[in-house]
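Participant: Questions regarding the structure given below will be posed in turn.
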There are 2 protein chains.
Amino acid sequence: MEIADWRKKIDEMDEEIVQLISKRAEAAKAIGELKQKSTLPVYEPARETEVFEHVKSINPGPLSDEQLVDVYIRIIDVMRMLQRRDS
Amino acid sequence: MEIADWRKKIDEMDEEIVQLISKRAEAAKAIGELKQKSTLPVYEPARETEVFEHVKSINPGPLSDEQLVDVYIRIIDVMRMLQRRDS
């Protein structure tokens, strides 16, 4: 396969990734609303650690656990911003 | 739905997201190998801009385009590291 073919595949994967990240964001938003009702804090470090441990445990490679967690730190960051924006 | 139910859903979505990001990384690695053979540079800003424009164009919300691109900046970062590691 040529670079252009791989890039076409990557574009298709990005469409799925964007869909999933957006659905994940909708779920985070729903949790944010429940947190507001129950006065739970937006920042819950124990849950964030749980998410990082989960993604590391299912990492098939080729990214290192650290690289995958780096991506997830950003994902969690923007989701937390989303929960805050609604408060 | 309770917070625990949403979190279960999020864990399931993370399993799909990790699979897709890993497949995307495999494709980036393949491109990295082709780049080495053809002496193309690892860093190609025009392609990166194309990826950012693409994900913005398919963003269904609730994340802002900026938040989604923030996630993608990190994704592209770790993929570029992966291409460099093999060189």
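By convention here, the chains of the structure tokens are called A, B, ... in the order presented, each chain's residues are numbered starting at 1, and ligands are numbered starting at 1 in the order presented.
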May I have the residues of chain A within 9 Å of chain B, counting only C-alpha atoms, written as number ranges by chain?

Facilitator: A: 1-3, 6-7, 9-11, 13-32, 34-35, 51, 54-55, 58-63, 67-68, 70-72, 74-75, 77-79, 81-82

Participant: Where in chain B does DSSP assign helix (DSSP H, G or I), given as number ranges by chain?

Facilitator: B: 3-38, 45-57, 65-85

Participant: Can you pull out every residue within 9 Å of Val42 (chain A), counting only C-alpha atoms, but drop anything in the same chain fewer than 3 positions away, and send it as a PDB file with N, CA and C atoms, in the first residue's frame?

Facilitator:
```
ATOM      1  N   GLY A  32     -21.869  14.956  34.233  1.00  0.00           N
ATOM      2  CA  GLY A  32     -21.708  16.303  34.784  1.00  0.00           C
ATOM      3  C   GLY A  32     -23.012  16.839  35.335  1.00  0.00           C
ATOM      4  N   LYS A  35     -23.788  15.050  38.505  1.00  0.00           N
ATOM      5  CA  LYS A  35     -22.903  15.538  39.575  1.00  0.00           C
ATOM      6  C   LYS A  35     -23.423  16.849  40.163  1.00  0.00           C
ATOM      7  N   GLN A  36     -23.924  17.714  39.281  1.00  0.00           N
ATOM      8  CA  GLN A  36     -24.454  18.996  39.759  1.00  0.00           C
ATOM      9  C   GLN A  36     -25.647  18.795  40.688  1.00  0.00           C
ATOM     10  N   THR A  39     -24.276  17.444  43.938  1.00  0.00           N
ATOM     11  CA  THR A  39     -23.137  18.208  44.476  1.00  0.00           C
ATOM     12  C   THR A  39     -21.835  17.411  44.557  1.00  0.00           C
ATOM     13  N   ARG A  80     -13.606  17.204  31.090  1.00  0.00           N
ATOM     14  CA  ARG A  80     -13.779  17.924  32.359  1.00  0.00           C
ATOM     15  C   ARG A  80     -14.182  19.371  32.080  1.00  0.00           C
ATOM     16  N   GLN A  83     -17.819  19.442  31.351  1.00  0.00           N
ATOM     17  CA  GLN A  83     -18.656  19.344  32.565  1.00  0.00           C
ATOM     18  C   GLN A  83     -18.703  20.683  33.279  1.00  0.00           C
ATOM     19  N   ARG A  84     -17.569  21.394  33.232  1.00  0.00           N
ATOM     20  CA  ARG A  84     -17.509  22.701  33.912  1.00  0.00           C
ATOM     21  C   ARG A  84     -18.337  23.749  33.176  1.00  0.00           C
TER      22      ARG A  84
END
```
